[in-house]
Every structure is written in structure tokens, then in C-alpha cells.
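Participant: Sending over query-v1.csv (CSV, C-alpha atoms).
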chain,number,residue,atom,x,y,z
T,561,THR,CA,247.8,-160.4,202.2
T,562,LEU,CA,249.7,-159.8,198.9
T,563,LEU,CA,249.0,-163.4,197.8
T,564,ARG,CA,245.3,-163.0,198.5
T,565,ALA,CA,245.2,-159.9,196.4
T,566,LEU,CA,246.8,-161.6,193.4
T,567,VAL,CA,245.0,-165.0,193.3
T,568,ARG,CA,241.6,-166.5,194.2
T,569,PRO,CA,241.1,-167.0,198.0
T,570,ALA,CA,240.9,-170.8,197.7
T,571,LEU,CA,244.2,-170.9,195.8
T,572,ALA,CA,245.8,-168.6,198.3
T,573,GLU,CA,244.7,-170.9,201.1
T,574,LEU,CA,246.2,-173.9,199.2
T,575,ILE,CA,249.5,-172.2,198.6
T,576,ALA,CA,249.7,-171.1,202.2
T,577,SER,CA,249.1,-174.7,203.4
T,578,LEU,CA,251.8,-176.1,201.1
T,579,LEU,CA,254.3,-173.6,202.3
T,580,ASP,CA,253.3,-173.8,206.0
T,581,PRO,CA,256.4,-174.1,208.3
T,582,ASP,CA,254.5,-176.5,210.6
T,583,PRO,CA,254.6,-180.0,209.0
T,584,ALA,CA,251.4,-181.0,210.8
T,585,ARG,CA,249.5,-178.4,208.8
T,586,ARG,CA,251.0,-179.3,205.4
T,587,PRO,CA,249.6,-182.1,203.2
T,588,SER,CA,251.5,-185.2,204.3
T,589,ASP,CA,252.5,-186.5,200.9
T,590,GLY,CA,251.9,-186.0,197.1
T,591,GLU,CA,248.5,-187.8,197.2
T,592,ALA,CA,247.2,-185.7,200.1
T,593,ALA,CA,248.4,-182.5,198.2
T,594,TYR,CA,246.6,-183.7,195.1
T,595,PHE,CA,243.3,-184.2,196.8
T,596,SER,CA,243.7,-180.8,198.6
T,597,ALA,CA,244.2,-179.2,195.2
T,598,VAL,CA,241.2,-180.9,193.5
T,599,PRO,CA,238.5,-178.6,195.0
T,600,VAL,CA,240.6,-175.6,194.1
T,601,ALA,CA,241.0,-176.7,190.5
T,602,GLN,CA,237.3,-177.4,190.3
T,603,GLU,CA,236.5,-173.9,191.7
T,604,LEU,CA,238.8,-172.4,189.0
T,605,SER,CA,237.1,-174.6,186.3
T,606,VAL,CA,240.4,-176.3,185.6
T,607,LEU,CA,238.8,-179.6,186.4
T,608,SER,CA,235.3,-180.9,186.1
T,609,ARG,CA,233.0,-180.9,189.2
T,610,LYS,CA,233.0,-184.7,188.7
T,611,ASP,CA,235.6,-186.5,190.7
T,612,PRO,CA,238.7,-186.5,188.4
T,613,ALA,CA,240.4,-189.8,187.7
T,614,LEU,CA,244.0,-188.6,187.6
T,615,LEU,CA,244.8,-190.8,190.6
T,616,GLY,CA,243.2,-194.2,191.0
T,617,GLY,CA,241.4,-195.5,194.0
T,618,GLY,CA,240.2,-192.2,195.5
T,619,PRO,CA,241.7,-190.4,198.4
T,620,SER,CA,242.9,-192.3,201.5
T,621,SER,CA,241.7,-191.5,204.9
T,622,GLU,CA,245.0,-189.7,205.5
T,623,ALA,CA,244.5,-187.6,202.3
T,624,ASP,CA,240.9,-186.8,203.4
T,625,ALA,CA,242.2,-185.6,206.7
T,626,ALA,CA,244.9,-183.5,205.0
T,627,ARG,CA,242.3,-182.0,202.7
T,628,ALA,CA,240.0,-181.1,205.6
T,629,ARG,CA,242.9,-179.3,207.3
T,630,THR,CA,243.4,-177.1,204.2
T,631,LEU,CA,239.8,-176.1,203.8
T,632,PRO,CA,239.1,-172.4,204.6
T,633,PHE,CA,238.2,-171.8,208.2
T,634,VAL,CA,234.5,-171.7,208.8
T,635,GLY,CA,232.5,-170.2,211.6
T,636,GLN,CA,233.6,-169.2,215.1
T,637,GLY,CA,234.4,-165.7,213.9
T,638,ALA,CA,234.1,-164.1,217.4
T,639,GLN,CA,236.4,-166.8,219.0
T,640,LEU,CA,238.9,-166.4,216.2
T,641,GLY,CA,238.9,-162.7,216.5
T,642,ALA,CA,239.4,-162.8,220.3
T,643,LEU,CA,242.2,-165.4,220.1
T,644,SER,CA,244.0,-163.4,217.3
T,645,ALA,CA,243.7,-160.2,219.2
T,646,ALA,CA,245.1,-161.7,222.4
T,647,LEU,CA,248.0,-163.3,220.6
T,648,GLY,CA,248.7,-160.1,218.7
T,649,ARG,CA,249.3,-158.2,221.9
T,650,GLN,CA,251.4,-161.0,223.4
T,651,GLY,CA,248.5,-162.1,225.7
T,652,ASP,CA,247.9,-165.5,227.1
T,653,VAL,CA,244.8,-167.5,226.2
T,654,LEU,CA,242.9,-170.5,227.5
T,655,VAL,CA,240.9,-172.2,224.7
T,656,THR,CA,238.1,-174.4,226.1
T,657,GLY,CA,235.5,-176.6,224.5
T,658,PRO,CA,234.5,-180.3,224.3
T,659,THR,CA,236.6,-182.8,222.4
T,660,GLY,CA,236.0,-182.3,218.7
T,661,ALA,CA,235.0,-178.7,219.0
T,662,GLY,CA,237.8,-177.6,216.7
T,663,ARG,CA,240.2,-176.1,219.3
T,664,SER,CA,243.4,-177.1,217.5
T,665,ARG,CA,242.2,-175.8,214.2
T,666,LEU,CA,241.2,-172.5,215.8
T,667,VAL,CA,244.7,-172.1,217.2
T,668,ARG,CA,246.4,-173.0,213.9
T,669,GLU,CA,244.2,-170.5,212.0
T,670,ALA,CA,244.9,-167.7,214.4
T,671,VAL,CA,248.7,-168.4,214.3
T,672,ARG,CA,248.5,-168.6,210.5
T,673,ARG,CA,246.8,-165.3,210.1
T,674,LEU,CA,249.2,-163.6,212.6
T,675,SER,CA,252.1,-164.9,210.6
T,676,LEU,CA,250.8,-163.7,207.3
T,677,GLU,CA,250.1,-160.3,208.8
T,678,ALA,CA,253.6,-160.1,210.2
T,679,VAL,CA,255.3,-161.0,206.9
T,680,ALA,CA,253.1,-158.5,205.0
T,681,GLU,CA,254.2,-155.8,207.4
T,682,GLY,CA,257.9,-156.8,207.2
T,683,ARG,CA,258.0,-158.1,210.8
T,684,ALA,CA,259.3,-161.4,212.1
T,685,ALA,CA,256.5,-163.9,212.3
T,686,PRO,CA,256.2,-165.6,215.7
T,687,THR,CA,257.6,-169.2,215.9
T,688,LEU,CA,255.0,-171.8,217.0
T,689,VAL,CA,256.4,-174.0,219.8
T,690,ARG,CA,254.7,-177.0,221.3
T,691,SER,CA,256.7,-177.5,224.5
T,692,LEU,CA,258.7,-175.7,227.1
T,693,GLU,CA,261.8,-177.6,226.1
T,694,GLY,CA,261.5,-176.3,222.5
T,695,LEU,CA,261.0,-172.8,223.8
T,696,ALA,CA,264.4,-172.9,225.5
T,697,MET,CA,266.1,-173.0,222.1
T,698,LEU,CA,264.3,-169.9,220.8
T,699,ALA,CA,265.2,-167.4,223.5
T,700,GLU,CA,265.9,-164.6,221.0
T,701,VAL,CA,262.9,-164.7,218.8
T,702,PRO,CA,259.2,-163.9,219.3
T,703,ALA,CA,257.2,-167.1,219.9
T,704,ILE,CA,253.8,-168.6,220.6
T,705,LEU,CA,253.8,-171.5,223.1
T,706,TRP,CA,251.0,-173.9,222.4
T,707,LEU,CA,250.2,-176.4,225.2
T,708,GLU,CA,247.8,-179.3,225.1
T,709,PRO,CA,248.6,-180.9,228.5
T,710,PRO,CA,246.8,-183.9,230.0
T,711,ALA,CA,244.2,-182.7,232.6
T,712,GLU,CA,246.1,-184.0,235.6
T,713,VAL,CA,249.2,-181.9,234.8
T,714,ALA,CA,247.6,-178.9,233.0
T,715,ALA,CA,247.7,-176.5,235.9
T,716,ARG,CA,251.4,-177.3,236.6
T,717,GLU,CA,252.4,-176.9,233.0
T,718,LEU,CA,250.6,-173.6,232.7
T,719,SER,CA,252.1,-172.3,235.9
T,720,ALA,CA,255.6,-173.2,234.6
T,721,ALA,CA,254.9,-171.6,231.2
T,722,LEU,CA,253.8,-168.3,232.9
T,723,ARG,CA,257.0,-168.3,235.0
T,724,VAL,CA,259.1,-168.8,231.9
T,725,LYS,CA,257.3,-165.9,230.2
T,726,ALA,CA,258.1,-163.6,233.1
T,727,LEU,CA,261.8,-164.2,232.6
T,728,ARG,CA,261.9,-163.9,228.8
T,729,ALA,CA,263.3,-160.8,227.1
T,730,THR,CA,261.5,-161.4,223.8
T,731,SER,CA,257.8,-161.5,223.2
T,732,LEU,CA,255.9,-164.7,224.1
T,733,SER,CA,252.2,-165.6,224.0
T,734,ILE,CA,250.9,-168.8,225.6
T,735,VAL,CA,247.9,-170.7,224.3
T,736,VAL,CA,246.7,-173.6,226.4
T,737,GLU,CA,243.9,-176.0,225.5
T,738,GLY,CA,242.1,-177.2,228.6
T,739,GLU,CA,239.2,-177.2,230.9
T,740,ALA,CA,237.5,-174.0,232.2
T,741,ALA,CA,238.9,-174.9,235.7
T,742,LEU,CA,242.2,-173.6,234.5
T,743,ALA,CA,240.8,-170.1,234.0
T,744,GLN,CA,242.6,-167.3,235.9
T,745,PRO,CA,242.7,-163.5,235.6
T,746,ALA,CA,245.9,-163.6,233.5
T,747,LEU,CA,244.3,-165.6,230.8
T,748,THR,CA,241.9,-164.5,228.1
T,749,GLN,CA,239.3,-167.3,227.8
T,750,VAL,CA,238.0,-168.4,224.4
T,751,ALA,CA,235.2,-170.9,224.5
T,752,LEU,CA,234.2,-172.9,221.4
T,753,THR,CA,230.6,-173.8,220.9
T,754,ALA,CA,228.7,-175.7,218.2
T,755,LEU,CA,228.6,-174.1,214.8
T,756,ASP,CA,225.6,-172.0,213.9
T,757,GLU,CA,223.3,-173.3,211.1
T,758,ASP,CA,224.8,-171.3,208.3
T,759,SER,CA,228.4,-172.2,209.2
T,760,PHE,CA,227.6,-175.8,209.7
T,761,ARG,CA,225.9,-176.0,206.3
T,762,GLU,CA,228.9,-174.3,204.7
T,763,LEU,CA,231.4,-176.7,206.3
T,764,CYS,CA,229.3,-179.7,205.3
T,765,ALA,CA,229.1,-178.5,201.7
T,766,ARG,CA,232.9,-178.0,201.6
T,767,LEU,CA,233.7,-181.4,203.2
T,768,LEU,CA,231.2,-183.4,201.2
T,769,ALA,CA,231.7,-181.8,197.7
T,770,PRO,CA,230.9,-182.8,195.1
T,771,GLN,CA,228.2,-184.9,196.8
T,772,PRO,CA,224.8,-183.1,196.9
T,773,LEU,CA,224.0,-181.7,200.3
T,774,THR,CA,220.4,-182.9,201.1
T,775,ALA,CA,218.3,-182.0,204.1
T,776,ALA,CA,218.5,-185.6,205.3
T,777,LEU,CA,222.3,-185.7,205.0
T,778,LEU,CA,222.6,-182.4,206.8
T,779,ALA,CA,220.4,-183.5,209.6
T,780,ALA,CA,222.4,-186.8,210.0
T,781,ALA,CA,225.7,-184.9,210.0
T,782,ARG,CA,224.5,-182.5,212.7
T,783,ALA,CA,223.1,-185.4,214.8
T,784,ALA,CA,226.4,-187.3,214.6
T,785,SER,CA,228.7,-184.4,215.2
T,786,GLN,CA,226.4,-182.3,217.5
T,787,GLY,CA,227.3,-179.4,215.4
T,788,TYR,CA,231.0,-179.4,216.3
T,789,ALA,CA,233.5,-178.7,213.5
T,790,GLY,CA,236.2,-181.1,214.6
T,791,ARG,CA,233.8,-184.0,215.1
T,792,LEU,CA,232.3,-183.4,211.7
T,793,CYS,CA,235.7,-183.4,210.0
T,794,SER,CA,236.6,-186.6,211.8
T,795,LEU,CA,233.4,-188.3,210.8
T,796,VAL,CA,233.8,-187.3,207.1
Before we go any further, please render this structure as C-alpha cells.

Facilitator:
Amino acid sequence: TLLRALVRPALAELIASLLDPDPARRPSDGEAAYFSAVPVAQELSVLSRKDPALLGGGPSSEADAARARTLPFVGQGAQLGALSAALGRQGDVLVTGPTGAGRSRLVREAVRRLSLEAVAEGRAAPTLVRSLEGLAMLAEVPAILWLEPPAEVAARELSAALRVKALRATSLSIVVEGEAALAQPALTQVALTALDEDSFRELCARLLAPQPLTAALLAAARAASQGYAGRLCSLV
């Protein structure tokens, strides 16, 4: 919150991604970090809107993917709000949606925002854990357990996680990505859908910059991705 008050939002997002404690959400190397910084520098008029030639050869596919992960979150405001609210009260959440809908990015964004809020308020930020085994080493700290189990074992893993939560003394929220069949009264269900027209256009513009966004290109992108954010990022 303090960082956002001091610098431009795009720069604050970049700094947060570079300092993110989760390696999967940081740029993977110097090249990826550079291409993540380019659109920010362009927005601040430090670099030309033309593709700068400070690094030869253009970004690799890995750098493109890293840059996509550091772009500001677009759309799905209701879903993000519901997920953040549930996690903020130590609730448990089932995130549903087709492959490529952006479920993982939604979870990362909710956790990132909760962590920034906690730090700004002087509280311990919850630790993001990706397995029950990892949770066993963090019995004394607040945590968010994020599960992406295969469909055939999803119900069993979720049941085990809920049993572990009942025995913990410290706060724990559980987020599971899965099918709607996993829904139960104890879980808040957050369902991802295709992006609305305005959000889809905004995401396309950010991903394809500085390439002009024509009506034909926008239509082709929507047809190929079916309007889902994750699929669009993968295609680009």
C-alpha cells in the first residue's frame, strides 16, 4: 500500500514481482526481468514505445511468460474479491473453471494482495504452501494451503487438508483448484468465466504492446482463446 502511494502502479507491480517470496512468480532470470521492465519504462517515458534494442534477439518464450505473469491483473473482479474475502477470514475455497481460465493467476493475485495488506498493517503475512508435507514444517505460522490435485485424488486430498486444518492451532486457509463436483458446504466456490469485452481488450493491449490492436487481431485472439485469460497468455 505504501509502495503504491509512492510510485506509479505499474512500477509498484514490477517491484512487488521482483521481491515476491514465491520463485514461480518472480522473473526467472535477468532477461525475463528486463522484458518485464520494458513496458514499465515505456509507460514512464524512460524508453521509447518502439521495442528497445538493449538486448539482442527479442524476448525468449520463457521471458514472454515471465512478463505475462507480472502484468497487472485484469478482469474477474467479483471472483478476486470473493476469493480474497474468504482467505482473509481463514475460509476455504474451491476455484473452478476450464483449463486456461486463469485459476492459478487468480490465486496468486489474491495471496499477493493479502500479503501486501498484512505487511502494511504490521501483521505477519500468510505463508503460501503447495503441499500437506510442506505445511507440516509451518505449524506455528499462518498459512494458505494451495492444492492443485489430479482429479482422481482431489476429493481425498481435500478431505485430508480439512482434517489437518481442524487440528491446527494457527490460522490456515485452503484453496483447491478442481471440478465443481468437489463443492461442499464448507467451501466457498469461486467460478472463473471468460473475460468480458472490456477486460479482454485491456489484456490483449497489454500482452501485445507495442503492436497495434486491430479489430481483426482482437477477434482472432478471442476465437483462439475463447475469451479465457490463461489461454490468451499462453497463446501470446

Participant: Go ahead and compute the interatomic distance for CA of Ala784 (chain T) and CA of Leu763 (chain T), in Å to one decimal.

Facilitator: 14.4 Å

Participant: What's the separation between CA of Gly648 (chain T) and CA of Asp756 (chain T), in Å to one decimal place?

Facilitator: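 Spanning CA of Gly648 (chain T) to CA of Asp756 (chain T) is a straight-line distance of 26.4 Å.
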
Participant: At most 7 Å from (235.9, -179.4, 215.0), file frame, all atoms listed in the file: which residues, as an MDAnalysis selection string?

Facilitator: chainID T and resid 660:663 788:793

Participant: Please write the residues from the selection above to a file, keeping C-alpha atoms, as a short mmCIF file (atom, residue, chain, number, x, y, z; two decimals), keeping the file's coordinate frame.

Facilitator:
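Output file again_28.cif is given in full below:
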data_model
loop_
_atom_site.label_atom_id
_atom_site.label_comp_id
_atom_site.auth_asym_id
_atom_site.auth_seq_id
_atom_site.Cartn_x
_atom_site.Cartn_y
_atom_site.Cartn_z
CA GLY T 660 236.00 -182.30 218.70
CA ALA T 661 235.00 -178.70 219.00
CA GLY T 662 237.80 -177.60 216.70
CA ARG T 663 240.20 -176.10 219.30
CA TYR T 788 231.00 -179.40 216.30
CA ALA T 789 233.50 -178.70 213.50
CA GLY T 790 236.20 -181.10 214.60
CA ARG T 791 233.80 -184.00 215.10
CA LEU T 792 232.30 -183.40 211.70
CA CYS T 793 235.70 -183.40 210.00
#

Participant: For region 711-718 of chain T, list every protein, DNA or RNA residue within 9 Å, evaluated using only C-alpha atoms, and leave out those in the same chain fewer than 5 positions away; present the list as a PyMOL selection string.

Facilitator: chain T and resi 692+723+734+736-739+741-742

Participant: Between T:Ala678, T:Leu767, T:Ala779, T:Leu773, which one has atoms that come closest to Ser794 (chain T), using all atoms listed in the file?

Facilitator: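 Result for the nearest residue to Ser794 (chain T): T:Leu767.
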
Participant: With all atoms listed in the file as the atoms that count, which of T:Val679, T:Ala740, T:Leu778, T:Ala593 lies nearest to Glu757 (chain T)?

Facilitator: T:Leu778

Participant: What would region 680-702 of chain T look like with N, CA and C atoms in place, written as a PDB file, keeping the file's coordinate frame?

Facilitator:
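Listing of result_11.pdb after writing:
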ATOM      1  N   ALA T 680     253.593-159.631 205.851  1.00  0.00           N
ATOM      2  CA  ALA T 680     253.100-158.500 205.000  1.00  0.00           C
ATOM      3  C   ALA T 680     253.627-157.187 205.489  1.00  0.00           C
ATOM      4  N   GLU T 681     253.791-157.053 206.798  1.00  0.00           N
ATOM      5  CA  GLU T 681     254.200-155.800 207.400  1.00  0.00           C
ATOM      6  C   GLU T 681     255.747-155.733 207.579  1.00  0.00           C
ATOM      7  N   GLY T 682     256.449-156.775 207.135  1.00  0.00           N
ATOM      8  CA  GLY T 682     257.900-156.800 207.200  1.00  0.00           C
ATOM      9  C   GLY T 682     258.420-157.101 208.638  1.00  0.00           C
ATOM     10  N   ARG T 683     257.586-157.711 209.473  1.00  0.00           N
ATOM     11  CA  ARG T 683     258.000-158.100 210.800  1.00  0.00           C
ATOM     12  C   ARG T 683     258.319-159.578 210.872  1.00  0.00           C
ATOM     13  N   ALA T 684     259.065-159.963 211.885  1.00  0.00           N
ATOM     14  CA  ALA T 684     259.300-161.400 212.100  1.00  0.00           C
ATOM     15  C   ALA T 684     258.073-162.093 212.549  1.00  0.00           C
ATOM     16  N   ALA T 685     257.707-163.169 211.869  1.00  0.00           N
ATOM     17  CA  ALA T 685     256.500-163.900 212.300  1.00  0.00           C
ATOM     18  C   ALA T 685     256.885-164.741 213.527  1.00  0.00           C
ATOM     19  N   PRO T 686     255.956-164.846 214.476  1.00  0.00           N
ATOM     20  CA  PRO T 686     256.200-165.600 215.700  1.00  0.00           C
ATOM     21  C   PRO T 686     256.409-167.103 215.362  1.00  0.00           C
ATOM     22  N   THR T 687     257.322-167.737 216.067  1.00  0.00           N
ATOM     23  CA  THR T 687     257.600-169.200 215.900  1.00  0.00           C
ATOM     24  C   THR T 687     256.618-169.946 216.810  1.00  0.00           C
ATOM     25  N   LEU T 688     255.929-170.925 216.241  1.00  0.00           N
ATOM     26  CA  LEU T 688     255.000-171.800 217.000  1.00  0.00           C
ATOM     27  C   LEU T 688     255.804-172.882 217.677  1.00  0.00           C
ATOM     28  N   VAL T 689     255.684-172.982 219.002  1.00  0.00           N
ATOM     29  CA  VAL T 689     256.400-174.000 219.800  1.00  0.00           C
ATOM     30  C   VAL T 689     255.428-174.824 220.558  1.00  0.00           C
ATOM     31  N   ARG T 690     255.695-176.133 220.633  1.00  0.00           N
ATOM     32  CA  ARG T 690     254.700-177.000 221.300  1.00  0.00           C
ATOM     33  C   ARG T 690     255.169-177.547 222.629  1.00  0.00           C
ATOM     34  N   SER T 691     256.296-177.078 223.154  1.00  0.00           N
ATOM     35  CA  SER T 691     256.700-177.500 224.500  1.00  0.00           C
ATOM     36  C   SER T 691     257.666-176.514 225.090  1.00  0.00           C
ATOM     37  N   LEU T 692     257.787-176.549 226.413  1.00  0.00           N
ATOM     38  CA  LEU T 692     258.700-175.700 227.100  1.00  0.00           C
ATOM     39  C   LEU T 692     260.155-175.972 226.728  1.00  0.00           C
ATOM     40  N   GLU T 693     260.436-177.248 226.473  1.00  0.00           N
ATOM     41  CA  GLU T 693     261.800-177.600 226.100  1.00  0.00           C
ATOM     42  C   GLU T 693     262.159-176.977 224.741  1.00  0.00           C
ATOM     43  N   GLY T 694     261.225-176.976 223.798  1.00  0.00           N
ATOM     44  CA  GLY T 694     261.500-176.300 222.500  1.00  0.00           C
ATOM     45  C   GLY T 694     261.657-174.849 222.632  1.00  0.00           C
ATOM     46  N   LEU T 695     260.948-174.253 223.573  1.00  0.00           N
ATOM     47  CA  LEU T 695     261.000-172.800 223.800  1.00  0.00           C
ATOM     48  C   LEU T 695     262.429-172.401 224.236  1.00  0.00           C
ATOM     49  N   ALA T 696     263.102-173.264 224.960  1.00  0.00           N
ATOM     50  CA  ALA T 696     264.400-172.900 225.500  1.00  0.00           C
ATOM     51  C   ALA T 696     265.438-172.675 224.365  1.00  0.00           C
ATOM     52  N   MET T 697     265.197-173.240 223.182  1.00  0.00           N
ATOM     53  CA  MET T 697     266.100-173.000 222.100  1.00  0.00           C
ATOM     54  C   MET T 697     265.792-171.812 221.236  1.00  0.00           C
ATOM     55  N   LEU T 698     264.736-171.091 221.618  1.00  0.00           N
ATOM     56  CA  LEU T 698     264.300-169.900 220.800  1.00  0.00           C
ATOM     57  C   LEU T 698     264.184-168.705 221.730  1.00  0.00           C
ATOM     58  N   ALA T 699     265.208-168.486 222.532  1.00  0.00           N
ATOM     59  CA  ALA T 699     265.200-167.400 223.500  1.00  0.00           C
ATOM     60  C   ALA T 699     265.210-166.031 222.864  1.00  0.00           C
ATOM     61  N   GLU T 700     265.712-165.928 221.629  1.00  0.00           N
ATOM     62  CA  GLU T 700     265.900-164.600 221.000  1.00  0.00           C
ATOM     63  C   GLU T 700     264.885-164.230 219.995  1.00  0.00           C
ATOM     64  N   VAL T 701     263.864-165.029 219.803  1.00  0.00           N
ATOM     65  CA  VAL T 701     262.900-164.700 218.800  1.00  0.00           C
ATOM     66  C   VAL T 701     261.474-164.713 219.376  1.00  0.00           C
ATOM     67  N   PRO T 702     260.544-163.920 218.805  1.00  0.00           N
ATOM     68  CA  PRO T 702     259.200-163.900 219.300  1.00  0.00           C
ATOM     69  C   PRO T 702     258.548-165.323 219.067  1.00  0.00           C
TER      70      PRO T 702
END
